[in-house]
file input_14.cif (mmCIF, C-alpha atoms)
data_work
loop_
_atom_site.label_atom_id
_atom_site.label_comp_id
_atom_site.auth_asym_id
_atom_site.auth_seq_id
_atom_site.Cartn_x
_atom_site.Cartn_y
_atom_site.Cartn_z
CA MET U 1 -203.84 10.20 25.69
CA ILE U 2 -204.90 10.95 22.17
CA ASP U 3 -203.63 9.29 18.99
CA VAL U 4 -203.13 10.71 15.50
CA LYS U 5 -206.54 9.72 14.19
CA GLU U 6 -208.39 10.93 17.27
CA GLN U 7 -206.47 14.19 17.17
CA GLU U 8 -207.45 14.75 13.54
CA GLU U 9 -211.08 13.95 14.34
CA LEU U 10 -210.98 16.37 17.27
CA PHE U 11 -209.62 19.20 15.12
CA GLN U 12 -212.22 18.42 12.47
CA LEU U 13 -214.92 18.66 15.12
CA ILE U 14 -213.51 21.95 16.42
CA SER U 15 -213.50 23.37 12.88
CA ASP U 16 -217.23 22.56 12.74
CA VAL U 17 -217.86 24.55 15.92
CA LEU U 18 -215.57 27.53 15.16
CA GLU U 19 -217.20 30.87 14.46
CA GLU U 20 -214.39 32.26 12.29
CA ASP U 21 -211.45 30.96 10.24
CA ILE U 22 -208.33 30.88 12.36
CA SER U 23 -204.80 29.66 12.03
CA CYS U 24 -202.25 28.77 14.67
CA ILE U 25 -198.90 27.05 15.09
CA ALA U 26 -198.79 23.53 16.51
CA ILE U 27 -195.84 22.84 18.76
CA GLY U 28 -194.97 20.02 21.15
CA GLY U 29 -196.66 16.64 20.94
CA THR U 30 -199.20 17.73 18.34
CA ALA U 31 -196.50 18.88 15.95
CA MET U 32 -194.52 15.70 16.61
CA MET U 33 -197.54 13.60 15.73
CA PHE U 34 -198.14 15.52 12.50
CA SER U 35 -194.46 15.08 11.61
CA GLY U 36 -194.63 11.34 12.34
CA TYR U 37 -192.27 11.32 15.34
CA LYS U 38 -194.75 9.81 17.78
CA ALA U 39 -198.13 8.17 17.87
CA THR U 40 -199.83 9.58 20.98
CA THR U 41 -199.79 12.72 23.08
CA LYS U 42 -201.44 14.01 26.22
CA ASP U 43 -201.24 17.72 25.63
CA ILE U 44 -202.13 19.66 22.50
CA ASP U 45 -199.95 22.79 22.37
CA LEU U 46 -201.07 25.59 20.09
CA VAL U 47 -199.73 29.12 19.59
CA PHE U 48 -202.05 31.84 18.29
CA LYS U 49 -201.21 35.07 16.48
CA ASN U 50 -203.34 37.17 18.83
CA ALA U 51 -205.64 36.89 21.84
CA GLN U 52 -208.70 37.32 19.62
CA ASP U 53 -207.93 34.12 17.68
CA ARG U 54 -207.31 32.27 20.92
CA ASP U 55 -210.66 33.46 22.30
CA ILE U 56 -212.44 32.15 19.19
CA PHE U 57 -210.73 28.80 19.67
CA VAL U 58 -211.46 28.77 23.42
CA LYS U 59 -215.15 29.43 22.76
CA ALA U 60 -215.25 26.45 20.40
CA ILE U 61 -213.59 24.04 22.83
CA TYR U 62 -215.67 25.41 25.72
CA ASP U 63 -218.78 24.46 23.73
CA LEU U 64 -217.30 20.96 23.43
CA GLY U 65 -216.98 20.69 27.21
CA TYR U 66 -213.36 21.66 27.82
CA ARG U 67 -212.80 23.63 31.05
CA GLN U 68 -209.92 25.79 32.22
CA LYS U 69 -207.41 24.21 34.56
CA THR U 70 -204.64 25.54 36.80
CA LEU U 71 -201.03 25.34 35.60
CA LYS U 72 -199.85 24.10 38.99
CA GLY U 73 -198.35 20.63 38.91
CA ILE U 74 -197.65 20.82 35.19
CA TYR U 75 -195.22 23.76 35.01
CA ASP U 76 -192.72 24.93 37.62
CA GLU U 77 -193.10 28.19 39.61
CA LYS U 78 -190.71 30.08 37.31
CA ARG U 79 -192.93 29.32 34.33
CA ILE U 80 -196.26 29.83 36.11
CA GLU U 81 -195.26 33.41 36.95
CA HIS U 82 -194.05 34.19 33.42
CA PRO U 83 -196.30 36.44 31.27
CA GLY U 84 -195.82 34.04 28.34
CA LYS U 85 -197.53 31.17 30.15
CA PRO U 86 -200.36 29.28 28.43
CA THR U 87 -204.00 28.97 29.39
CA MET U 88 -204.86 25.36 29.92
CA PHE U 89 -208.12 23.58 29.07
CA THR U 90 -208.91 19.98 29.77
CA ARG U 91 -211.63 17.40 29.26
CA GLY U 92 -210.94 13.87 30.41
CA ASP U 93 -207.50 12.74 29.37
CA GLU U 94 -206.47 15.29 26.78
CA ARG U 95 -205.39 18.84 27.47
CA PHE U 96 -204.98 22.04 25.43
CA ASP U 97 -202.09 24.41 26.27
CA LEU U 98 -202.91 27.64 24.44
CA PHE U 99 -200.24 30.34 24.00
CA VAL U 100 -200.45 33.73 22.30
CA VAL U 101 -197.31 34.50 20.23
CA ASP U 102 -195.06 34.15 23.26
CA ILE U 103 -193.99 30.80 24.76
CA PHE U 104 -192.36 31.70 28.07
CA GLY U 105 -190.56 34.57 26.37
CA PHE U 106 -189.90 32.79 23.08
CA GLN U 107 -191.57 34.96 20.44
CA LEU U 108 -192.73 32.79 17.55
CA ASP U 109 -192.38 34.09 14.02
CA PHE U 110 -195.69 33.82 12.14
CA SER U 111 -194.20 34.50 8.69
CA ASP U 112 -194.20 31.71 6.11
CA LYS U 113 -190.47 31.05 6.05
CA ASN U 114 -190.42 28.39 8.78
CA ILE U 115 -193.30 26.20 7.69
CA VAL U 116 -192.73 22.51 7.02
CA GLN U 117 -196.33 21.39 7.09
CA LYS U 118 -199.80 22.91 6.95
CA GLN U 119 -202.81 20.93 8.15
CA VAL U 120 -206.11 22.49 7.12
CA PHE U 121 -209.34 21.27 8.75
CA SER U 122 -212.26 22.67 6.82
CA GLY U 123 -215.57 22.19 8.55
CA LYS U 124 -218.05 25.00 9.05
CA LYS U 125 -214.99 27.27 9.29
CA LYS U 126 -211.34 26.68 8.49
CA LEU U 127 -208.80 25.74 11.16
CA THR U 128 -205.22 25.88 9.85
CA LEU U 129 -202.43 24.32 11.89
CA VAL U 130 -198.87 25.11 10.91
CA VAL U 131 -196.02 22.78 11.88
CA LEU U 132 -192.49 24.10 12.43
CA PRO U 133 -189.18 22.39 11.56
CA LYS U 134 -187.72 19.79 13.94
CA GLU U 135 -185.08 22.25 15.19
CA TYR U 136 -187.78 24.56 16.54
CA LEU U 137 -189.64 21.61 18.08
CA ILE U 138 -186.47 20.68 19.98
CA LEU U 139 -185.85 24.24 21.11
CA LEU U 140 -189.43 24.80 22.24
CA LYS U 141 -189.41 21.48 24.09
CA SER U 142 -186.38 22.64 26.02
CA VAL U 143 -188.14 25.95 26.77
CA THR U 144 -191.36 24.35 28.08
CA SER U 145 -189.35 21.73 29.95
CA ARG U 146 -192.21 19.51 31.25
CA PRO U 147 -191.55 15.96 32.50
CA LYS U 148 -192.03 14.27 29.08
CA ASP U 149 -190.40 16.98 26.98
CA PHE U 150 -186.88 15.61 27.29
CA GLU U 151 -188.05 12.14 26.20
CA ASP U 152 -189.62 13.76 23.14
CA ILE U 153 -186.37 15.53 22.25
CA VAL U 154 -184.53 12.21 22.46
CA THR U 155 -187.16 10.62 20.21
CA ILE U 156 -186.66 13.30 17.56
CA ILE U 157 -182.87 13.04 17.71
CA ASN U 158 -182.97 9.25 17.47
CA LEU U 159 -185.16 9.40 14.37
CA GLU U 160 -183.47 12.33 12.65
CA LYS U 161 -179.77 11.98 12.16
CA GLU U 162 -179.43 15.45 10.67
CA VAL U 163 -180.42 18.02 13.26
CA ASP U 164 -179.02 21.48 12.53
CA TRP U 165 -177.88 22.59 15.99
CA ASP U 166 -176.64 25.91 14.62
CA VAL U 167 -180.22 26.83 13.72
CA ILE U 168 -181.32 25.96 17.27
CA ILE U 169 -178.56 28.01 18.87
CA ASP U 170 -179.16 31.00 16.56
CA ALA U 171 -182.89 30.98 17.38
CA ALA U 172 -182.12 30.76 21.12
CA PHE U 173 -179.64 33.68 20.92
CA ARG U 174 -182.19 35.79 19.04
CA GLN U 175 -184.74 35.17 21.80
CA GLU U 176 -182.34 35.79 24.69
CA LYS U 177 -183.38 39.42 25.10
CA ASN U 178 -187.02 38.33 25.69
CA ASN U 179 -186.11 35.66 28.19
CA SER U 180 -182.65 35.28 29.66
CA TRP U 181 -183.11 31.64 30.71
CA ILE U 182 -183.86 30.29 27.20
CA VAL U 183 -180.17 29.73 26.44
CA LEU U 184 -179.56 28.33 29.94
CA ASP U 185 -182.44 25.85 29.58
CA LEU U 186 -181.21 24.88 26.13
CA GLU U 187 -177.69 24.34 27.39
CA GLU U 188 -179.00 22.19 30.25
CA THR U 189 -180.92 20.03 27.77
CA MET U 190 -177.95 19.86 25.41
CA LEU U 191 -175.61 18.70 28.17
CA LYS U 192 -177.90 15.71 28.74
CA LEU U 193 -177.65 14.97 25.00
CA LYS U 194 -173.91 15.50 24.80
CA LYS U 195 -173.19 12.33 22.81
CA PHE U 196 -175.44 13.49 19.95
CA ILE U 197 -174.11 17.05 19.70
CA PRO U 198 -170.76 18.16 18.26
CA GLN U 199 -168.44 20.03 20.65
CA LYS U 200 -168.28 23.11 18.39
CA ILE U 201 -171.94 23.80 19.23
CA PHE U 202 -171.15 23.96 22.95
CA ASP U 203 -168.14 26.15 22.13
CA ARG U 204 -170.45 28.63 20.42
CA ILE U 205 -172.58 28.96 23.57
CA TYR U 206 -169.57 29.37 25.87
CA ARG U 207 -167.88 31.87 23.53
CA LYS U 208 -171.07 33.93 23.55
CA ASP U 209 -171.14 33.79 27.37
CA LYS U 210 -167.53 34.97 27.55
CA THR U 211 -168.13 37.95 25.25
CA LYS U 212 -171.23 38.82 27.25
CA ASP U 213 -169.23 38.78 30.51
CA LYS U 214 -166.55 40.99 28.94
CA ALA U 215 -169.17 43.47 27.72
CA GLU U 216 -170.73 43.60 31.20
CA LYS U 217 -167.31 44.20 32.80
CA ARG U 218 -166.60 47.02 30.34
CA LYS U 219 -169.97 48.58 31.14
CA LYS U 220 -169.27 48.46 34.86
CA GLN U 221 -165.80 49.99 34.42
CA SER U 222 -167.10 52.82 32.28
CA MET Q 1 -184.35 10.08 7.26
CA ARG Q 2 -185.37 8.56 3.94
CA GLN Q 3 -183.68 6.08 1.67
CA LYS Q 4 -184.61 4.63 -1.70
CA TYR Q 5 -184.32 0.95 -2.57
CA THR Q 6 -185.24 -1.47 -5.31
CA ILE Q 7 -186.18 -4.95 -4.15
CA ASP Q 8 -182.68 -6.18 -5.06
CA THR Q 9 -180.80 -3.47 -3.17
CA TYR Q 10 -183.09 -4.01 -0.18
CA THR Q 11 -182.33 -7.75 -0.06
CA GLN Q 12 -178.60 -7.00 -0.32
CA ARG Q 13 -178.73 -4.31 2.38
CA TYR Q 14 -180.52 -6.49 4.95
CA HIS Q 15 -179.20 -9.92 3.82
CA ILE Q 16 -182.68 -11.43 3.49
CA THR Q 17 -184.44 -13.35 0.76
CA ARG Q 18 -186.52 -11.64 -1.89
CA ALA Q 19 -189.75 -13.01 -0.39
CA SER Q 20 -188.85 -11.75 3.09
CA ALA Q 21 -187.98 -8.34 1.68
CA LEU Q 22 -191.33 -8.11 -0.10
CA ASN Q 23 -193.13 -9.12 3.10
CA LYS Q 24 -191.25 -6.60 5.17
CA LEU Q 25 -191.77 -3.75 2.71
CA SER Q 26 -195.44 -4.60 2.39
CA ARG Q 27 -195.89 -4.50 6.17
CA LEU Q 28 -194.00 -1.20 6.42
CA LYS Q 29 -196.11 0.23 3.60
CA LYS Q 30 -199.31 -0.64 5.48
CA LYS Q 31 -197.95 1.16 8.54
CA GLY Q 32 -197.14 4.23 6.44
CA PHE Q 33 -193.35 4.06 6.48
CA VAL Q 34 -192.91 3.15 2.80
CA THR Q 35 -194.09 4.67 -0.46
CA VAL Q 36 -193.73 2.93 -3.82
CA SER Q 37 -193.27 4.36 -7.28
CA GLY Q 38 -193.16 2.49 -10.57
CA GLY Q 39 -194.61 -0.93 -11.26
CA GLY Q 40 -195.60 -2.72 -14.45
CA TYR Q 41 -192.74 -2.30 -16.93
CA GLN Q 42 -190.93 0.01 -14.55
CA LYS Q 43 -188.90 -1.34 -11.69
CA ARG Q 44 -190.51 -0.52 -8.35
CA ILE Q 45 -188.63 1.99 -6.20
CA TYR Q 46 -189.40 1.83 -2.49
CA THR Q 47 -188.85 4.97 -0.40
CA VAL Q 48 -188.33 3.85 3.19
CA SER Q 49 -188.56 6.39 5.99
CA ASN Q 50 -188.04 6.06 9.73
CA THR Q 51 -191.00 8.38 10.38
CA LYS Q 52 -194.47 8.04 8.94
CA ILE Q 53 -194.64 9.57 5.47
CA VAL Q 54 -197.20 12.39 5.37
CA LYS Q 55 -199.73 11.96 2.57
CA THR Q 56 -200.35 15.38 1.09
CA ASN Q 57 -203.42 16.45 -0.88
CA GLY Q 58 -203.24 20.22 -0.82
CA PHE Q 59 -202.10 23.10 -3.02
CA TYR Q 60 -198.98 21.51 -4.50
CA ASP Q 61 -200.73 18.27 -5.43
CA LEU Q 62 -203.52 20.19 -7.15
CA VAL Q 63 -201.20 22.54 -9.03
CA ASN Q 64 -198.95 19.72 -10.14
CA ARG Q 65 -202.00 17.84 -11.41
CA TYR Q 66 -203.41 20.71 -13.51
CA SER Q 67 -200.44 22.88 -14.41
CA PRO Q 68 -197.72 22.04 -16.95
CA GLU Q 69 -195.33 24.12 -14.82
CA LYS Q 70 -194.59 21.84 -11.86
CA LEU Q 71 -193.66 23.03 -8.39
CA VAL Q 72 -191.47 21.54 -5.70
CA PRO Q 73 -193.49 21.71 -2.46
CA LYS Q 74 -192.20 24.25 0.05
CA PHE Q 75 -194.18 22.50 2.76
CA ASP Q 76 -196.46 19.49 3.19
CA HIS Q 77 -200.01 20.67 2.68
CA VAL Q 78 -202.65 18.34 4.10
CA ILE Q 79 -206.35 19.09 3.78
CA HIS Q 80 -209.05 17.46 5.89
CA GLY Q 81 -212.27 18.21 4.07
CA ARG Q 82 -212.97 20.04 0.85
CA TYR Q 83 -210.29 21.74 -1.26
CA SER Q 84 -211.12 23.12 -4.69
CA VAL Q 85 -209.30 24.87 -7.53
CA GLU Q 86 -210.78 28.17 -6.32
CA GLU Q 87 -209.14 27.75 -2.91
CA ALA Q 88 -205.88 26.72 -4.55
CA ILE Q 89 -205.79 29.96 -6.59
CA ILE Q 90 -206.12 31.98 -3.38
CA ASP Q 91 -203.39 29.89 -1.70
CA GLY Q 92 -201.13 30.33 -4.74
CA ILE Q 93 -201.50 34.12 -4.57
CA LYS Q 94 -200.83 34.00 -0.83
CA ILE Q 95 -197.58 32.06 -1.38
CA GLY Q 96 -196.83 34.72 -3.94
CA ASP Q 97 -193.45 33.94 -5.52
CA ILE Q 98 -193.16 34.22 -9.30
CA ARG Q 99 -192.87 30.53 -10.05
CA THR Q 100 -195.89 29.71 -7.92
CA LEU Q 101 -197.92 32.49 -9.56
CA GLU Q 102 -196.97 31.24 -13.03
CA ALA Q 103 -198.16 27.73 -12.13
CA THR Q 104 -201.29 29.10 -10.47
CA LYS Q 105 -202.34 30.87 -13.68
CA HIS Q 106 -203.05 27.47 -15.24
CA LEU Q 107 -205.64 26.76 -12.56
CA PHE Q 108 -207.98 29.36 -14.12
CA ARG Q 109 -208.64 26.75 -16.83
CA ASN Q 110 -210.35 24.61 -14.24
CA VAL Q 111 -212.38 27.17 -12.30
CA LYS Q 112 -215.96 26.00 -12.07
CA ASN Q 113 -217.38 28.31 -9.48
CA TRP Q 114 -216.42 31.95 -10.07
CA LYS Q 115 -218.67 33.12 -7.26
CA ARG Q 116 -216.83 30.93 -4.80
CA LEU Q 117 -213.49 32.23 -6.10
CA PHE Q 118 -214.54 35.86 -5.59
CA ASP Q 119 -216.15 35.18 -2.22
CA LEU Q 120 -212.83 33.72 -1.08
CA ALA Q 121 -210.92 36.60 -2.65
CA LYS Q 122 -213.11 39.15 -0.83
CA LYS Q 123 -212.63 37.31 2.45
CA ASN Q 124 -208.84 37.38 1.99
CA LYS Q 125 -208.84 40.94 0.60
CA MET Q 126 -207.23 39.98 -2.70
CA VAL Q 127 -209.92 40.64 -5.33
CA GLU Q 128 -207.64 42.89 -7.39
CA LYS Q 129 -204.83 40.34 -7.29
CA VAL Q 130 -207.18 37.57 -8.51
CA ARG Q 131 -208.42 39.80 -11.36
CA GLY Q 132 -204.85 40.75 -12.28
CA LEU Q 133 -203.66 37.16 -12.34
CA TYR Q 134 -206.70 36.10 -14.38
CA GLN Q 135 -206.06 38.81 -16.95
CA GLU Q 136 -202.45 37.71 -17.29
CA ALA Q 137 -203.57 34.11 -17.65
CA TYR Q 138 -206.22 35.11 -20.22
CA ARG Q 139 -203.58 36.87 -22.35
CA GLU Q 140 -201.06 34.05 -22.18
CA MET Q 141 -203.12 30.88 -22.44
CA LYS Q 142 -206.49 29.45 -23.23
CA THR Q 143 -208.63 29.88 -20.14
CA ARG Q 144 -212.27 29.84 -19.25
CA LYS Q 145 -213.96 33.20 -19.53
CA MET Q 146 -214.64 35.00 -16.30
CA PRO Q 147 -218.21 36.35 -16.12
CA LYS Q 148 -218.25 40.11 -16.84
CA ARG Q 149 -219.70 41.03 -13.47
CA TYR Q 150 -216.50 39.91 -11.76
CA LEU Q 151 -214.23 41.78 -14.14
CA GLN Q 152 -215.39 45.27 -13.07
#
call {"tool": "encode", "arguments": {"input": "input_14.cif", "output": "C-alpha cells"}}
result
Amino acid sequence: MIDVKEQEELFQLISDVLEEDISCIAIGGTAMMFSGYKATTKDIDLVFKNAQDRDIFVKAIYDLGYRQKTLKGIYDEKRIEHPGKPTMFTRGDERFDLFVVDIFGFQLDFSDKNIVQKQVFSGKKKLTLVVLPKEYLILLKSVTSRPKDFEDIVTIINLEKEVDWDVIIDAAFRQEKNNSWIVLDLEETMLKLKKFIPQKIFDRIYRKDKTKDKAEKRKKQS
Amino acid sequence: MRQKYTIDTYTQRYHITRASALNKLSRLKKKGFVTVSGGGYQKRIYTVSNTKIVKTNGFYDLVNRYSPEKLVPKFDHVIHGRYSVEEAIIDGIKIGDIRTLEATKHLFRNVKNWKRLFDLAKKNKMVEKVRGLYQEAYREMKTRKMPKRYLQ
C-alpha cells in the first residue's frame, strides 16, 4: 500500500529519472487519492497517449527496480485477452498498471475538456498527471472491475452526493462500439448501487437496448 | 461536497458550544478538510468539505497574483517543484482561450529570464505565439523590454 505523501514522493523521484517530459492520465486509486477520496492505494493506474511515452516511463521505473508482472490473478480471462490490457510493473507492495490510450476498449480522450486536476512533478524532467472527473473514475472502475474497484465506487458515491449519471451513461454508449461489454459491466455495477441511482438512468440503458434489438431484427429481415 | 459556515452557523447546525465548534474546525483544518478566509476585522468563513481540499499553486494562482484580470480556475493545478512566470506564460498560451490570454499578457511584466522563456517556447513549438503575445502586451501595457535577439 502507498499513501498520498509516498505516492507524491515516488512520482517526484520518477520525474528525476525520466529522460523526457511526459504526461499521462491518472485513473483508479491514484486519481482518487489526488481528488481526496481515499488515503491509500495498492495499484497506480496510468494511461499514456502513445507507446513511446509509456516506454519512457517504463525505463524510468525499471531503473528504480520495478519489474514486469503477469496479469493473472489480478484481472479475469476476458480482460487478460483484451488488446487494451495494461502492462504491469511491481516492486514490493505497490504496482503500476500502465495502459496506452485504451483501457479494455475504453478509448480515453486526451483533449483538455475533461480535466479537473493537473499534478506536475518537475524534477530533471517534467511528469504531468491529469485527473479526470469523478464520473469517469466511476465508469473506468466499472470497466476494470478488480476486487476493490466496487468498494472504490461506493466510496466516491458516499462522498459525492451529486454524481451525474447521464454523463457516465453517455460516455459508456460512445465507447460501446470499441467494446460491447462496457455498457453491460456498467449496468451490472449500477444494479448493485440501485439505491443511489434514479430509475430514469436505468430506463435510458434499457431503452437503448430495445432500439438496438429492433435495429438488429430489421437488419435480419432485410 | 462543500459548505460554508461562520462559527455561529456551525454551532447552530451541529448543536454544540462555540468552543467545541472551534476545536472541531481546527482539527478538521489540520487534516485538510477545512479552509478559512477572513480574520481580523472580517468574520471568519469556514469552508468545510467531505474530501480533502486540494491546495493549488500552479498557473491560476500565479496569474491571479500578478494579473489585474482574474481567472476562475478550469482545473486544480498543483506543482511539485519549481514553477516560474516563464512556465506560466507557456501554460497560458496552451490553455489558449481569450480571457486566459488577456490575463497571461500581464505576466510579461514579471519575466526575469527571457532565455528560459524562449527555451520553453522552442520546446513546445510556440515561439511565434510567445512573440505575438508579447507584442500585444507591449502595445497595451507597460511591460519589461524583451531583448532584441528574441524579437527576430
call {"tool": "interface_residues", "arguments": {"input": "input_14.cif", "of": "chain Q", "to": "chain U", "cutoff": "10 Å", "atoms": "all atoms listed in the file", "output": "PyMOL selection string"}}
result
chain Q and resi 1-2+32-33+49-54+56+58+73-83+94-95
call {"tool": "write_last_selection", "arguments": {"input": "input_14.cif", "atoms": "C-alpha atoms", "output": "short mmCIF file (atom, residue, chain, number, x, y, z; two decimals), in the coordinates of the input"}}
result
data_model
loop_
_atom_site.label_atom_id
_atom_site.label_comp_id
_atom_site.auth_asym_id
_atom_site.auth_seq_id
_atom_site.Cartn_x
_atom_site.Cartn_y
_atom_site.Cartn_z
CA MET Q 1 -184.35 10.08 7.26
CA ARG Q 2 -185.37 8.56 3.94
CA GLY Q 32 -197.14 4.23 6.44
CA PHE Q 33 -193.35 4.06 6.48
CA SER Q 49 -188.56 6.39 5.99
CA ASN Q 50 -188.04 6.06 9.73
CA THR Q 51 -191.00 8.38 10.38
CA LYS Q 52 -194.47 8.04 8.94
CA ILE Q 53 -194.64 9.57 5.47
CA VAL Q 54 -197.20 12.39 5.37
CA THR Q 56 -200.35 15.38 1.09
CA GLY Q 58 -203.24 20.22 -0.82
CA PRO Q 73 -193.49 21.71 -2.46
CA LYS Q 74 -192.20 24.25 0.05
CA PHE Q 75 -194.18 22.50 2.76
CA ASP Q 76 -196.46 19.49 3.19
CA HIS Q 77 -200.01 20.67 2.68
CA VAL Q 78 -202.65 18.34 4.10
CA ILE Q 79 -206.35 19.09 3.78
CA HIS Q 80 -209.05 17.46 5.89
CA GLY Q 81 -212.27 18.21 4.07
CA ARG Q 82 -212.97 20.04 0.85
CA TYR Q 83 -210.29 21.74 -1.26
CA LYS Q 94 -200.83 34.00 -0.83
CA ILE Q 95 -197.58 32.06 -1.38
#
call {"tool": "resolve_selection", "arguments": {"input": "input_14.cif", "expression": "the PyMOL selection byres ((chain U and resi 139) around 12)", "output": "number ranges by chain"}}
result
U: 27-28, 103, 106, 108, 132-138, 140-145, 149-150, 152-153, 156, 163-173, 175, 182-190
call {"tool": "residues_around", "arguments": {"input": "input_14.cif", "residues": "segment 79-92 of chain U", "least_positions_apart": "2", "cutoff": "12 Å", "atoms": "all atoms listed in the file", "output": "PDB file with C-alpha atoms, in the frame of the given file"}}
result
ATOM      1  CA  MET U   1    -203.840  10.200  25.690  1.00  0.00           C
ATOM      2  CA  ILE U   2    -204.900  10.950  22.170  1.00  0.00           C
ATOM      3  CA  LYS U  42    -201.440  14.010  26.220  1.00  0.00           C
ATOM      4  CA  ASP U  43    -201.240  17.720  25.630  1.00  0.00           C
ATOM      5  CA  ILE U  44    -202.130  19.660  22.500  1.00  0.00           C
ATOM      6  CA  ASP U  45    -199.950  22.790  22.370  1.00  0.00           C
ATOM      7  CA  LEU U  46    -201.070  25.590  20.090  1.00  0.00           C
ATOM      8  CA  VAL U  47    -199.730  29.120  19.590  1.00  0.00           C
ATOM      9  CA  PHE U  48    -202.050  31.840  18.290  1.00  0.00           C
ATOM     10  CA  ALA U  51    -205.640  36.890  21.840  1.00  0.00           C
ATOM     11  CA  ARG U  54    -207.310  32.270  20.920  1.00  0.00           C
ATOM     12  CA  ASP U  55    -210.660  33.460  22.300  1.00  0.00           C
ATOM     13  CA  PHE U  57    -210.730  28.800  19.670  1.00  0.00           C
ATOM     14  CA  VAL U  58    -211.460  28.770  23.420  1.00  0.00           C
ATOM     15  CA  LYS U  59    -215.150  29.430  22.760  1.00  0.00           C
ATOM     16  CA  ALA U  60    -215.250  26.450  20.400  1.00  0.00           C
ATOM     17  CA  ILE U  61    -213.590  24.040  22.830  1.00  0.00           C
ATOM     18  CA  TYR U  62    -215.670  25.410  25.720  1.00  0.00           C
ATOM     19  CA  ASP U  63    -218.780  24.460  23.730  1.00  0.00           C
ATOM     20  CA  LEU U  64    -217.300  20.960  23.430  1.00  0.00           C
ATOM     21  CA  GLY U  65    -216.980  20.690  27.210  1.00  0.00           C
ATOM     22  CA  TYR U  66    -213.360  21.660  27.820  1.00  0.00           C
ATOM     23  CA  ARG U  67    -212.800  23.630  31.050  1.00  0.00           C
ATOM     24  CA  GLN U  68    -209.920  25.790  32.220  1.00  0.00           C
ATOM     25  CA  LYS U  69    -207.410  24.210  34.560  1.00  0.00           C
ATOM     26  CA  THR U  70    -204.640  25.540  36.800  1.00  0.00           C
ATOM     27  CA  LEU U  71    -201.030  25.340  35.600  1.00  0.00           C
ATOM     28  CA  LYS U  72    -199.850  24.100  38.990  1.00  0.00           C
ATOM     29  CA  GLY U  73    -198.350  20.630  38.910  1.00  0.00           C
ATOM     30  CA  ILE U  74    -197.650  20.820  35.190  1.00  0.00           C
ATOM     31  CA  TYR U  75    -195.220  23.760  35.010  1.00  0.00           C
ATOM     32  CA  ASP U  76    -192.720  24.930  37.620  1.00  0.00           C
ATOM     33  CA  GLU U  77    -193.100  28.190  39.610  1.00  0.00           C
ATOM     34  CA  GLU U  94    -206.470  15.290  26.780  1.00  0.00           C
ATOM     35  CA  ARG U  95    -205.390  18.840  27.470  1.00  0.00           C
ATOM     36  CA  PHE U  96    -204.980  22.040  25.430  1.00  0.00           C
ATOM     37  CA  ASP U  97    -202.090  24.410  26.270  1.00  0.00           C
ATOM     38  CA  LEU U  98    -202.910  27.640  24.440  1.00  0.00           C
ATOM     39  CA  PHE U  99    -200.240  30.340  24.000  1.00  0.00           C
ATOM     40  CA  VAL U 100    -200.450  33.730  22.300  1.00  0.00           C
ATOM     41  CA  VAL U 101    -197.310  34.500  20.230  1.00  0.00           C
ATOM     42  CA  ASP U 102    -195.060  34.150  23.260  1.00  0.00           C
ATOM     43  CA  ILE U 103    -193.990  30.800  24.760  1.00  0.00           C
ATOM     44  CA  PHE U 104    -192.360  31.700  28.070  1.00  0.00           C
ATOM     45  CA  GLY U 105    -190.560  34.570  26.370  1.00  0.00           C
ATOM     46  CA  PHE U 106    -189.900  32.790  23.080  1.00  0.00           C
ATOM     47  CA  GLN U 107    -191.570  34.960  20.440  1.00  0.00           C
ATOM     48  CA  LEU U 108    -192.730  32.790  17.550  1.00  0.00           C
ATOM     49  CA  VAL U 143    -188.140  25.950  26.770  1.00  0.00           C
ATOM     50  CA  THR U 144    -191.360  24.350  28.080  1.00  0.00           C
ATOM     51  CA  SER U 145    -189.350  21.730  29.950  1.00  0.00           C
ATOM     52  CA  ARG U 146    -192.210  19.510  31.250  1.00  0.00           C
ATOM     53  CA  ASN U 178    -187.020  38.330  25.690  1.00  0.00           C
ATOM     54  CA  ASN U 179    -186.110  35.660  28.190  1.00  0.00           C
ATOM     55  CA  TRP U 181    -183.110  31.640  30.710  1.00  0.00           C
ATOM     56  CA  ILE U 182    -183.860  30.290  27.200  1.00  0.00           C
TER      57      ILE U 182
END
call {"tool": "residues_around", "arguments": {"input": "input_14.cif", "residues": "Lys129 of chain Q", "least_positions_apart": "4", "cutoff": "10 Å", "atoms": "all atoms listed in the file", "output": "list in words"}}
result
Ile90, Ile93, Lys94, Ala121, Lys125, Leu133, Tyr134 and Gln135 of chain Q
call {"tool": "atom_distance", "arguments": {"input": "input_14.cif", "atom1": "atom CA of Arg44 of chain Q", "atom2": "atom CA of Ala21 of chain Q"}}
result
13.0 Å
call {"tool": "closest_residue", "arguments": {"input": "input_14.cif", "among": "Q:Thr17, Q:Ser26, Q:Asn110, Q:Gln12", "to": "Thr47 of chain Q", "atoms": "only C-alpha atoms"}}
result
Q:Ser26
call {"tool": "decode", "arguments": {"input": "input_14.cif", "residues": "segment 35-55 of chain U", "atoms": "C-alpha atoms", "output": "compact mmCIF listing (two decimals), in the first residue's frame"}}
result
# COMPACT_ATOMS: atom_id res chain seq x y z
CA SER U 35 -9.07 14.01 -5.61
CA GLY U 36 -9.14 13.32 -1.86
CA TYR U 37 -11.49 10.31 -1.97
CA LYS U 38 -9.11 7.89 -0.28
CA ALA U 39 -5.85 7.83 1.58
CA THR U 40 -4.05 4.71 0.31
CA THR U 41 -3.88 2.58 -2.80
CA LYS U 42 -2.14 -0.57 -3.95
CA ASP U 43 -2.11 -0.01 -7.68
CA ILE U 44 -1.10 3.10 -9.58
CA ASP U 45 -3.08 3.19 -12.85
CA LEU U 46 -1.77 5.45 -15.59
CA VAL U 47 -2.88 5.91 -19.20
CA PHE U 48 -0.39 7.20 -21.78
CA LYS U 49 -1.02 8.97 -25.07
CA ASN U 50 1.24 6.61 -27.02
CA ALA U 51 3.52 3.61 -26.55
CA GLN U 52 6.59 5.83 -26.80
CA ASP U 53 5.62 7.80 -23.68
CA ARG U 54 4.89 4.57 -21.85
CA ASP U 55 8.31 3.19 -22.80
